[in-house]
file upload13.cif (mmCIF, N, CA and C atoms)
data_coords
#
loop_
_atom_site.label_atom_id
_atom_site.label_comp_id
_atom_site.auth_asym_id
_atom_site.auth_seq_id
_atom_site.Cartn_x
_atom_site.Cartn_y
_atom_site.Cartn_z
N MET S 1 93.50 55.12 130.90
CA MET S 1 93.57 56.30 130.06
C MET S 1 93.62 57.51 130.97
N THR S 2 94.65 58.32 130.82
CA THR S 2 94.78 59.49 131.67
C THR S 2 94.22 60.70 130.95
N TRP S 3 93.70 61.59 131.76
CA TRP S 3 93.14 62.83 131.21
C TRP S 3 94.22 63.88 131.09
N ARG S 4 94.30 64.47 129.91
CA ARG S 4 95.26 65.55 129.69
C ARG S 4 94.49 66.79 129.26
N PRO S 5 94.86 67.92 129.81
CA PRO S 5 94.16 69.14 129.37
C PRO S 5 94.51 69.45 127.92
N ARG S 6 93.54 69.98 127.24
CA ARG S 6 93.77 70.37 125.85
C ARG S 6 94.72 71.56 125.81
N PRO S 7 95.61 71.56 124.87
CA PRO S 7 96.47 72.74 124.75
C PRO S 7 95.65 73.93 124.26
N GLN S 8 95.94 75.08 124.80
CA GLN S 8 95.24 76.29 124.38
C GLN S 8 95.69 76.66 122.98
N PRO S 9 94.74 77.07 122.15
CA PRO S 9 95.13 77.47 120.80
C PRO S 9 96.02 78.71 120.87
N ARG S 10 96.95 78.78 119.96
CA ARG S 10 97.88 79.90 119.93
C ARG S 10 97.14 81.15 119.47
N ALA S 11 97.33 82.24 120.18
CA ALA S 11 96.70 83.49 119.82
C ALA S 11 97.32 84.02 118.53
N THR S 12 96.48 84.30 117.56
CA THR S 12 97.00 84.75 116.27
C THR S 12 96.56 86.16 115.92
N THR S 13 95.53 86.67 116.57
CA THR S 13 95.06 88.01 116.26
C THR S 13 95.00 88.84 117.53
N ALA S 14 94.82 90.14 117.33
CA ALA S 14 94.72 91.04 118.47
C ALA S 14 93.50 90.70 119.33
N ALA S 15 92.42 90.27 118.69
CA ALA S 15 91.22 89.91 119.45
C ALA S 15 91.46 88.67 120.31
N ASP S 16 92.32 87.77 119.87
CA ASP S 16 92.66 86.59 120.67
C ASP S 16 93.50 86.98 121.89
N LEU S 17 94.39 87.93 121.69
CA LEU S 17 95.27 88.34 122.78
C LEU S 17 94.60 89.28 123.78
N ASP S 18 93.74 90.13 123.29
CA ASP S 18 93.10 91.14 124.14
C ASP S 18 91.59 90.99 124.02
N ARG S 19 90.98 90.41 125.04
CA ARG S 19 89.53 90.17 124.99
C ARG S 19 88.72 91.44 125.23
N GLY S 20 89.38 92.54 125.58
CA GLY S 20 88.69 93.80 125.78
C GLY S 20 88.27 94.42 124.46
N LEU S 21 87.86 95.65 124.52
CA LEU S 21 87.38 96.31 123.32
C LEU S 21 88.43 97.16 122.61
N GLN S 22 89.65 97.23 123.15
CA GLN S 22 90.66 98.09 122.56
C GLN S 22 90.95 97.75 121.09
N PRO S 23 91.18 96.50 120.73
CA PRO S 23 91.41 96.23 119.30
C PRO S 23 90.23 96.63 118.42
N GLU S 24 89.02 96.43 118.93
CA GLU S 24 87.84 96.79 118.15
C GLU S 24 87.75 98.31 117.98
N ARG S 25 88.01 99.06 119.04
CA ARG S 25 87.96 100.52 118.95
C ARG S 25 89.04 101.03 118.00
N THR S 26 90.21 100.45 118.07
CA THR S 26 91.29 100.87 117.18
C THR S 26 90.94 100.56 115.73
N THR S 27 90.38 99.40 115.49
CA THR S 27 89.96 99.04 114.13
C THR S 27 88.90 100.00 113.61
N LEU S 28 87.94 100.33 114.44
CA LEU S 28 86.90 101.27 114.02
C LEU S 28 87.48 102.65 113.73
N GLY S 29 88.43 103.08 114.55
CA GLY S 29 89.06 104.38 114.33
C GLY S 29 89.79 104.44 113.00
N TRP S 30 90.57 103.40 112.70
CA TRP S 30 91.29 103.40 111.42
C TRP S 30 90.34 103.22 110.25
N SER S 31 89.23 102.50 110.45
CA SER S 31 88.22 102.38 109.38
C SER S 31 87.59 103.73 109.08
N ARG S 32 87.30 104.49 110.13
CA ARG S 32 86.75 105.84 109.92
C ARG S 32 87.76 106.74 109.21
N THR S 33 89.03 106.59 109.52
CA THR S 33 90.06 107.38 108.85
C THR S 33 90.10 107.04 107.36
N SER S 34 90.05 105.76 107.04
CA SER S 34 90.03 105.34 105.63
C SER S 34 88.79 105.87 104.92
N LEU S 35 87.64 105.80 105.57
CA LEU S 35 86.41 106.30 104.97
C LEU S 35 86.48 107.81 104.76
N ALA S 36 87.07 108.53 105.69
CA ALA S 36 87.22 109.97 105.53
C ALA S 36 88.11 110.29 104.33
N LEU S 37 89.17 109.51 104.14
CA LEU S 37 90.05 109.74 102.98
C LEU S 37 89.32 109.45 101.67
N VAL S 38 88.49 108.44 101.65
CA VAL S 38 87.70 108.15 100.44
C VAL S 38 86.71 109.29 100.17
N THR S 39 86.12 109.84 101.22
CA THR S 39 85.20 110.97 101.07
C THR S 39 85.92 112.19 100.51
N VAL S 40 87.11 112.45 101.02
CA VAL S 40 87.90 113.57 100.50
C VAL S 40 88.25 113.33 99.03
N SER S 41 88.52 112.10 98.67
CA SER S 41 88.79 111.78 97.26
C SER S 41 87.59 112.11 96.38
N ALA S 42 86.40 111.79 96.87
CA ALA S 42 85.19 112.09 96.09
C ALA S 42 85.01 113.59 95.93
N ILE S 43 85.32 114.34 96.96
CA ILE S 43 85.20 115.80 96.86
C ILE S 43 86.19 116.34 95.83
N PHE S 44 87.41 115.84 95.87
CA PHE S 44 88.40 116.29 94.88
C PHE S 44 87.99 115.90 93.46
N LEU S 45 87.34 114.76 93.30
CA LEU S 45 86.88 114.36 91.97
C LEU S 45 85.85 115.35 91.41
N ARG S 46 85.06 115.92 92.30
CA ARG S 46 84.07 116.91 91.84
C ARG S 46 84.74 118.18 91.35
N TRP S 47 85.96 118.43 91.77
CA TRP S 47 86.67 119.64 91.36
C TRP S 47 87.36 119.48 90.02
N ALA S 48 87.45 118.29 89.49
CA ALA S 48 88.18 118.05 88.24
C ALA S 48 87.66 118.89 87.07
N PRO S 49 86.35 119.05 86.88
CA PRO S 49 85.90 119.88 85.76
C PRO S 49 86.33 121.34 85.87
N HIS S 50 86.51 121.82 87.08
CA HIS S 50 86.86 123.23 87.28
C HIS S 50 88.36 123.49 87.22
N TYR S 51 89.16 122.54 87.66
CA TYR S 51 90.61 122.75 87.75
C TYR S 51 91.42 121.93 86.76
N GLY S 52 90.79 121.05 86.04
CA GLY S 52 91.51 120.26 85.06
C GLY S 52 91.98 118.92 85.62
N LEU S 53 92.68 118.19 84.78
CA LEU S 53 93.11 116.84 85.14
C LEU S 53 94.22 116.80 86.18
N ALA S 54 94.92 117.90 86.38
CA ALA S 54 96.01 117.92 87.35
C ALA S 54 95.50 117.68 88.77
N VAL S 55 94.27 118.05 89.04
CA VAL S 55 93.72 117.87 90.39
C VAL S 55 93.43 116.40 90.69
N LEU S 56 93.47 115.55 89.68
CA LEU S 56 93.22 114.12 89.89
C LEU S 56 94.34 113.44 90.67
N ALA S 57 95.47 114.12 90.81
CA ALA S 57 96.55 113.56 91.63
C ALA S 57 96.14 113.51 93.10
N LEU S 58 95.33 114.46 93.54
CA LEU S 58 94.90 114.49 94.95
C LEU S 58 93.99 113.32 95.31
N PRO S 59 92.94 113.02 94.53
CA PRO S 59 92.15 111.85 94.91
C PRO S 59 92.93 110.55 94.77
N ALA S 60 93.84 110.50 93.81
CA ALA S 60 94.67 109.28 93.68
C ALA S 60 95.52 109.10 94.93
N LEU S 61 96.11 110.18 95.43
CA LEU S 61 96.94 110.11 96.62
C LEU S 61 96.13 109.68 97.84
N THR S 62 94.97 110.27 98.03
CA THR S 62 94.16 109.92 99.20
C THR S 62 93.61 108.50 99.10
N LEU S 63 93.27 108.05 97.91
CA LEU S 63 92.78 106.68 97.76
C LEU S 63 93.90 105.66 98.02
N VAL S 64 95.11 105.96 97.57
CA VAL S 64 96.24 105.06 97.82
C VAL S 64 96.51 104.99 99.32
N CYS S 65 96.44 106.12 100.00
CA CYS S 65 96.67 106.12 101.45
C CYS S 65 95.56 105.38 102.19
N ALA S 66 94.31 105.54 101.77
CA ALA S 66 93.21 104.80 102.40
C ALA S 66 93.39 103.30 102.20
N LEU S 67 93.82 102.91 101.02
CA LEU S 67 94.07 101.49 100.75
C LEU S 67 95.23 100.98 101.60
N ALA S 68 96.28 101.77 101.73
CA ALA S 68 97.44 101.37 102.54
C ALA S 68 97.04 101.21 104.00
N ILE S 69 96.21 102.08 104.51
CA ILE S 69 95.74 101.97 105.90
C ILE S 69 94.95 100.68 106.07
N SER S 70 94.06 100.40 105.14
CA SER S 70 93.23 99.20 105.25
C SER S 70 94.03 97.91 105.15
N VAL S 71 95.02 97.91 104.25
CA VAL S 71 95.80 96.69 104.03
C VAL S 71 96.75 96.40 105.19
N THR S 72 97.33 97.43 105.78
CA THR S 72 98.34 97.22 106.82
C THR S 72 97.79 97.24 108.23
N HIS S 73 96.52 97.51 108.40
CA HIS S 73 95.98 97.69 109.75
C HIS S 73 96.09 96.43 110.61
N ASN S 74 95.70 95.30 110.08
CA ASN S 74 95.73 94.06 110.88
C ASN S 74 97.13 93.74 111.37
N ARG S 75 98.11 93.88 110.51
CA ARG S 75 99.48 93.62 110.92
C ARG S 75 99.92 94.58 112.02
N ARG S 76 99.58 95.85 111.87
CA ARG S 76 100.00 96.85 112.86
C ARG S 76 99.33 96.61 114.21
N ILE S 77 98.04 96.32 114.24
CA ILE S 77 97.34 96.13 115.52
C ILE S 77 97.80 94.85 116.19
N ASN S 78 98.00 93.77 115.43
CA ASN S 78 98.47 92.52 116.03
C ASN S 78 99.87 92.68 116.61
N THR S 79 100.74 93.38 115.90
CA THR S 79 102.09 93.62 116.42
C THR S 79 102.04 94.46 117.69
N SER S 80 101.19 95.45 117.72
CA SER S 80 101.08 96.30 118.91
C SER S 80 100.57 95.53 120.12
N VAL S 81 99.53 94.73 119.94
CA VAL S 81 98.98 93.99 121.07
C VAL S 81 99.98 92.95 121.56
N ARG S 82 100.66 92.27 120.65
CA ARG S 82 101.70 91.31 121.09
C ARG S 82 102.81 92.02 121.86
N GLY S 83 103.19 93.20 121.41
CA GLY S 83 104.22 93.96 122.11
C GLY S 83 103.78 94.39 123.49
N ILE S 84 102.51 94.75 123.64
CA ILE S 84 101.99 95.13 124.95
C ILE S 84 101.99 93.93 125.89
N HIS S 85 101.56 92.79 125.39
CA HIS S 85 101.50 91.58 126.22
C HIS S 85 102.89 91.07 126.61
N SER S 86 103.86 91.27 125.75
CA SER S 86 105.21 90.78 126.07
C SER S 86 106.08 91.86 126.73
N ASP S 87 105.50 93.01 127.00
CA ASP S 87 106.23 94.14 127.58
C ASP S 87 107.44 94.53 126.74
N ALA S 88 107.30 94.43 125.45
CA ALA S 88 108.39 94.78 124.54
C ALA S 88 107.85 95.61 123.36
N LEU S 89 106.98 96.55 123.67
CA LEU S 89 106.36 97.34 122.61
C LEU S 89 107.35 98.37 122.08
N GLU S 90 107.53 98.36 120.78
CA GLU S 90 108.36 99.36 120.12
C GLU S 90 107.43 100.41 119.53
N VAL S 91 107.66 101.65 119.91
CA VAL S 91 106.86 102.74 119.38
C VAL S 91 107.42 103.11 118.02
N ARG S 92 106.55 103.05 117.02
CA ARG S 92 106.94 103.40 115.65
C ARG S 92 105.98 104.48 115.15
N PRO S 93 106.36 105.73 115.29
CA PRO S 93 105.44 106.80 114.91
C PRO S 93 105.42 107.09 113.41
N GLY S 94 106.11 106.32 112.62
CA GLY S 94 106.21 106.59 111.19
C GLY S 94 104.87 106.67 110.49
N GLU S 95 103.98 105.71 110.78
CA GLU S 95 102.66 105.70 110.12
C GLU S 95 101.84 106.93 110.49
N LEU S 96 101.88 107.30 111.77
CA LEU S 96 101.11 108.46 112.20
C LEU S 96 101.69 109.75 111.64
N LEU S 97 103.00 109.86 111.60
CA LEU S 97 103.62 111.05 111.01
C LEU S 97 103.31 111.14 109.52
N ALA S 98 103.28 110.01 108.83
CA ALA S 98 102.93 110.01 107.41
C ALA S 98 101.48 110.46 107.22
N LEU S 99 100.59 110.01 108.11
CA LEU S 99 99.18 110.42 108.02
C LEU S 99 99.04 111.92 108.28
N VAL S 100 99.76 112.43 109.28
CA VAL S 100 99.72 113.87 109.56
C VAL S 100 100.24 114.66 108.36
N ALA S 101 101.33 114.21 107.74
CA ALA S 101 101.87 114.88 106.56
C ALA S 101 100.86 114.86 105.42
N LEU S 102 100.20 113.72 105.23
CA LEU S 102 99.18 113.62 104.19
C LEU S 102 98.04 114.60 104.45
N LEU S 103 97.56 114.63 105.68
CA LEU S 103 96.43 115.52 105.99
C LEU S 103 96.81 116.99 105.82
N LEU S 104 98.02 117.36 106.22
CA LEU S 104 98.47 118.73 106.02
C LEU S 104 98.59 119.06 104.53
N ALA S 105 99.13 118.13 103.75
CA ALA S 105 99.28 118.36 102.31
C ALA S 105 97.92 118.47 101.61
N VAL S 106 97.02 117.56 101.95
CA VAL S 106 95.69 117.57 101.31
C VAL S 106 94.90 118.81 101.75
N GLY S 107 94.98 119.13 103.03
CA GLY S 107 94.29 120.33 103.51
C GLY S 107 94.86 121.59 102.87
N GLY S 108 96.19 121.67 102.77
CA GLY S 108 96.81 122.82 102.12
C GLY S 108 96.44 122.92 100.65
N ALA S 109 96.43 121.79 99.98
CA ALA S 109 96.05 121.79 98.56
C ALA S 109 94.60 122.21 98.39
N GLY S 110 93.73 121.72 99.26
CA GLY S 110 92.32 122.12 99.19
C GLY S 110 92.15 123.61 99.43
N LEU S 111 92.88 124.15 100.40
CA LEU S 111 92.80 125.57 100.69
C LEU S 111 93.29 126.40 99.52
N VAL S 112 94.40 125.99 98.91
CA VAL S 112 94.92 126.71 97.75
C VAL S 112 93.93 126.65 96.60
N LEU S 113 93.34 125.50 96.37
CA LEU S 113 92.37 125.38 95.26
C LEU S 113 91.14 126.25 95.50
N VAL S 114 90.68 126.34 96.73
CA VAL S 114 89.51 127.19 97.03
C VAL S 114 89.86 128.66 96.87
N LEU S 115 91.05 129.05 97.34
CA LEU S 115 91.45 130.45 97.23
C LEU S 115 91.72 130.87 95.79
N LEU S 116 92.17 129.93 94.97
CA LEU S 116 92.48 130.24 93.58
C LEU S 116 91.34 129.89 92.63
N ALA S 117 90.14 129.73 93.18
CA ALA S 117 88.98 129.31 92.36
C ALA S 117 88.76 130.28 91.22
N PRO S 118 88.46 129.73 90.03
CA PRO S 118 88.23 130.60 88.86
C PRO S 118 86.92 131.36 88.96
#
call {"tool": "encode", "arguments": {"input": "upload13.cif", "output": "structure tokens"}}
result
Amino acid sequence: MTWRPRPQPRATTAADLDRGLQPERTTLGWSRTSLALVTVSAIFLRWAPHYGLAVLALPALTLVCALAISVTHNRRINTSVRGIHSDALEVRPGELLALVALLLAVGGAGLVLVLLAP
């Protein structure tokens, strides 16, 4: 009977590919971003009695974005780590630009609502 080395399991997650803390730090960063969006949603919900039902579009928008960040995060981080390891990383700034646009829109809406307070 000959001894054969066991085949290494195929890496399926960012943590399997990168034993450092980078995937963990990135996950924590995006989790904090999602939590911040949920907090902003709660603040906008408190404004509903003062501004009417139209302001409910803002918490709905921020909650949808927080959910989208949470749902797509694993796919994005795994793709990024695989791209780094294979030296074929494609930079896709679309998600970050969308987040910047959301933050500018929500911040602008909040500023307008505060300035136009009854």
call {"tool": "residues_near_point", "arguments": {"input": "upload13.cif", "point": "(91.0, 101.6, 105.5)", "cutoff": "6 Å", "atoms": "only N, CA and C atoms", "output": "JSON, numbers by chain"}}
result
{"S": [30, 31, 33, 34, 35, 66, 67, 69, 70, 71]}
call {"tool": "residues_around", "arguments": {"input": "upload13.cif", "residues": "Tyr51 of chain S", "least_positions_apart": "4", "cutoff": "10 Å", "atoms": "only C-alpha atoms", "output": "PDB file with N, CA and C atoms, in the frame of the given file"}}
result
ATOM      1  N   PHE S  44      87.410 115.840  95.870  1.00  0.00           N
ATOM      2  CA  PHE S  44      88.400 116.290  94.880  1.00  0.00           C
ATOM      3  C   PHE S  44      87.990 115.900  93.460  1.00  0.00           C
ATOM      4  N   ARG S  46      85.060 115.920  92.300  1.00  0.00           N
ATOM      5  CA  ARG S  46      84.070 116.910  91.840  1.00  0.00           C
ATOM      6  C   ARG S  46      84.740 118.180  91.350  1.00  0.00           C
ATOM      7  N   TRP S  47      85.960 118.430  91.770  1.00  0.00           N
ATOM      8  CA  TRP S  47      86.670 119.640  91.360  1.00  0.00           C
ATOM      9  C   TRP S  47      87.360 119.480  90.020  1.00  0.00           C
ATOM     10  N   VAL S  55      94.270 118.050  89.040  1.00  0.00           N
ATOM     11  CA  VAL S  55      93.720 117.870  90.390  1.00  0.00           C
ATOM     12  C   VAL S  55      93.430 116.400  90.690  1.00  0.00           C
ATOM     13  N   LEU S  56      93.470 115.550  89.680  1.00  0.00           N
ATOM     14  CA  LEU S  56      93.220 114.120  89.890  1.00  0.00           C
ATOM     15  C   LEU S  56      94.340 113.440  90.670  1.00  0.00           C
ATOM     16  N   LEU S 113      93.340 125.500  96.370  1.00  0.00           N
ATOM     17  CA  LEU S 113      92.370 125.380  95.260  1.00  0.00           C
ATOM     18  C   LEU S 113      91.140 126.250  95.500  1.00  0.00           C
ATOM     19  N   LEU S 116      92.170 129.930  94.970  1.00  0.00           N
ATOM     20  CA  LEU S 116      92.480 130.240  93.580  1.00  0.00           C
ATOM     21  C   LEU S 116      91.340 129.890  92.630  1.00  0.00           C
ATOM     22  N   ALA S 117      90.140 129.730  93.180  1.00  0.00           N
ATOM     23  CA  ALA S 117      88.980 129.310  92.360  1.00  0.00           C
ATOM     24  C   ALA S 117      88.760 130.280  91.220  1.00  0.00           C
ATOM     25  N   PRO S 118      88.460 129.730  90.030  1.00  0.00           N
ATOM     26  CA  PRO S 118      88.230 130.600  88.860  1.00  0.00           C
ATOM     27  C   PRO S 118      86.920 131.360  88.960  1.00  0.00           C
TER      28      PRO S 118
END
call {"tool": "axis_aligned_box", "arguments": {"input": "upload13.cif", "around": "segment 108-116 of chain S", "padding_each_side": "8 Å", "output": "lines of an AutoDock Vina configuration file"}}
result
center_x = 93.2
center_y = 126.3
center_z = 97.7
size_x = 23.3
size_y = 25.2
size_z = 26.1
call {"tool": "atom_distance", "arguments": {"input": "upload13.cif", "atom1": "atom C of Leu63 of chain S", "atom2": "atom C of Val112 of chain S"}}
result
21.0 Å
call {"tool": "atom_distance", "arguments": {"input": "upload13.cif", "atom1": "atom CA of Gly52 of chain S", "atom2": "atom N of Val100 of chain S"}}
result
26.8 Å
call {"tool": "closest_residue", "arguments": {"input": "upload13.cif", "among": "S:Arg32, S:Ala54, S:Arg76, S:Ile43", "to": "Leu96 of chain S", "atoms": "only C-alpha atoms"}}
result
S:Arg76
call {"tool": "atom_distance", "arguments": {"input": "upload13.cif", "atom1": "atom C of Ala57 of chain S", "atom2": "atom N of His73 of chain S"}}
result
22.1 Å
call {"tool": "closest_residue", "arguments": {"input": "upload13.cif", "among": "S:Glu24, S:Leu97, S:Thr72, S:Thr62", "to": "Ala36 of chain S", "atoms": "all atoms listed in the file"}}
result
S:Thr62
call {"tool": "decode", "arguments": {"input": "upload13.cif", "residues": "segment 2-101 of chain S", "atoms": "C-alpha atoms", "output": "CSV table (one decimal), in the first residue's frame"}}
result
chain,number,residue,atom,x,y,z
S,2,THR,CA,1.6,3.3,-1.1
S,3,TRP,CA,1.1,6.5,0.8
S,4,ARG,CA,-0.5,9.3,-1.2
S,5,PRO,CA,-0.9,12.8,0.1
S,6,ARG,CA,-4.4,14.0,0.6
S,7,PRO,CA,-5.6,16.5,-2.0
S,8,GLN,CA,-5.9,20.0,-0.5
S,9,PRO,CA,-9.5,21.1,-0.3
S,10,ARG,CA,-10.5,23.7,-2.9
S,11,ALA,CA,-10.6,27.2,-1.5
S,12,THR,CA,-14.2,28.4,-1.7
S,13,THR,CA,-14.2,31.6,0.4
S,14,ALA,CA,-12.0,34.6,0.8
S,15,ALA,CA,-11.0,33.3,4.3
S,16,ASP,CA,-9.7,30.1,2.6
S,17,LEU,CA,-7.7,32.0,0.1
S,18,ASP,CA,-6.3,34.7,2.4
S,19,ARG,CA,-5.4,33.6,5.9
S,20,GLY,CA,-4.7,37.1,6.9
S,21,LEU,CA,-7.1,39.5,8.4
S,22,GLN,CA,-8.0,41.5,5.2
S,23,PRO,CA,-11.2,39.6,4.4
S,24,GLU,CA,-12.3,40.0,8.0
S,25,ARG,CA,-11.6,43.7,8.1
S,26,THR,CA,-13.4,44.2,4.8
S,27,THR,CA,-16.4,42.3,6.1
S,28,LEU,CA,-16.5,44.4,9.3
S,29,GLY,CA,-16.2,47.6,7.3
S,30,TRP,CA,-19.2,46.7,5.0
S,31,SER,CA,-21.2,45.5,8.1
S,32,ARG,CA,-20.6,48.9,9.7
S,33,THR,CA,-21.8,50.6,6.5
S,34,SER,CA,-25.0,48.5,6.5
S,35,LEU,CA,-25.6,49.2,10.1
S,36,ALA,CA,-25.1,52.9,9.5
S,37,LEU,CA,-27.7,52.8,6.7
S,38,VAL,CA,-30.2,51.1,9.0
S,39,THR,CA,-29.5,53.8,11.7
S,40,VAL,CA,-30.2,56.5,9.1
S,41,SER,CA,-33.4,54.7,8.2
S,42,ALA,CA,-34.5,54.8,11.8
S,43,ILE,CA,-33.8,58.6,12.0
S,44,PHE,CA,-35.8,59.2,8.8
S,45,LEU,CA,-38.7,57.1,10.3
S,46,ARG,CA,-38.8,59.5,13.2
S,47,TRP,CA,-39.4,62.4,10.8
S,48,ALA,CA,-42.5,60.8,9.2
S,49,PRO,CA,-45.0,62.5,11.6
S,50,HIS,CA,-43.5,65.9,10.8
S,51,TYR,CA,-43.1,65.7,7.1
S,52,GLY,CA,-45.7,63.2,6.1
S,53,LEU,CA,-45.7,59.8,4.3
S,54,ALA,CA,-43.5,61.1,1.4
S,55,VAL,CA,-40.4,61.0,3.7
S,56,LEU,CA,-40.9,57.2,4.0
S,57,ALA,CA,-39.2,56.8,0.6
S,58,LEU,CA,-35.8,57.7,2.2
S,59,PRO,CA,-35.8,54.9,4.9
S,60,ALA,CA,-37.0,52.5,2.2
S,61,LEU,CA,-34.1,53.5,-0.1
S,62,THR,CA,-31.5,53.2,2.7
S,63,LEU,CA,-32.9,49.8,3.9
S,64,VAL,CA,-32.9,48.4,0.4
S,65,CYS,CA,-29.3,49.5,-0.1
S,66,ALA,CA,-28.2,48.1,3.3
S,67,LEU,CA,-29.9,44.8,2.3
S,68,ALA,CA,-28.1,44.8,-1.1
S,69,ILE,CA,-24.8,45.4,0.6
S,70,SER,CA,-25.3,42.5,3.0
S,71,VAL,CA,-26.6,40.1,0.3
S,72,THR,CA,-23.8,40.8,-2.3
S,73,HIS,CA,-20.9,41.2,0.1
S,74,ASN,CA,-19.7,37.6,0.1
S,75,ARG,CA,-19.7,37.3,-3.7
S,76,ARG,CA,-17.8,40.6,-4.0
S,77,ILE,CA,-15.1,39.8,-1.5
S,78,ASN,CA,-14.6,36.2,-2.8
S,79,THR,CA,-14.2,37.5,-6.4
S,80,SER,CA,-11.8,40.2,-5.2
S,81,VAL,CA,-9.5,37.8,-3.3
S,82,ARG,CA,-9.5,35.3,-6.2
S,83,GLY,CA,-8.6,38.1,-8.5
S,84,ILE,CA,-5.7,39.1,-6.3
S,85,HIS,CA,-4.4,35.6,-6.0
S,86,SER,CA,-4.6,35.0,-9.8
S,87,ASP,CA,-3.1,38.4,-10.6
S,88,ALA,CA,-6.2,39.1,-12.7
S,89,LEU,CA,-8.2,41.6,-10.5
S,90,GLU,CA,-10.7,43.6,-12.4
S,91,VAL,CA,-11.5,46.9,-10.7
S,92,ARG,CA,-15.2,47.5,-10.7
S,93,PRO,CA,-16.0,50.9,-9.0
S,94,GLY,CA,-19.7,50.6,-9.7
S,95,GLU,CA,-20.7,49.5,-6.2
S,96,LEU,CA,-18.6,52.2,-4.5
S,97,LEU,CA,-19.9,54.9,-6.9
S,98,ALA,CA,-23.5,53.8,-6.2
S,99,LEU,CA,-22.8,54.0,-2.4
S,100,VAL,CA,-21.3,57.5,-2.8
S,101,ALA,CA,-24.3,58.6,-4.9
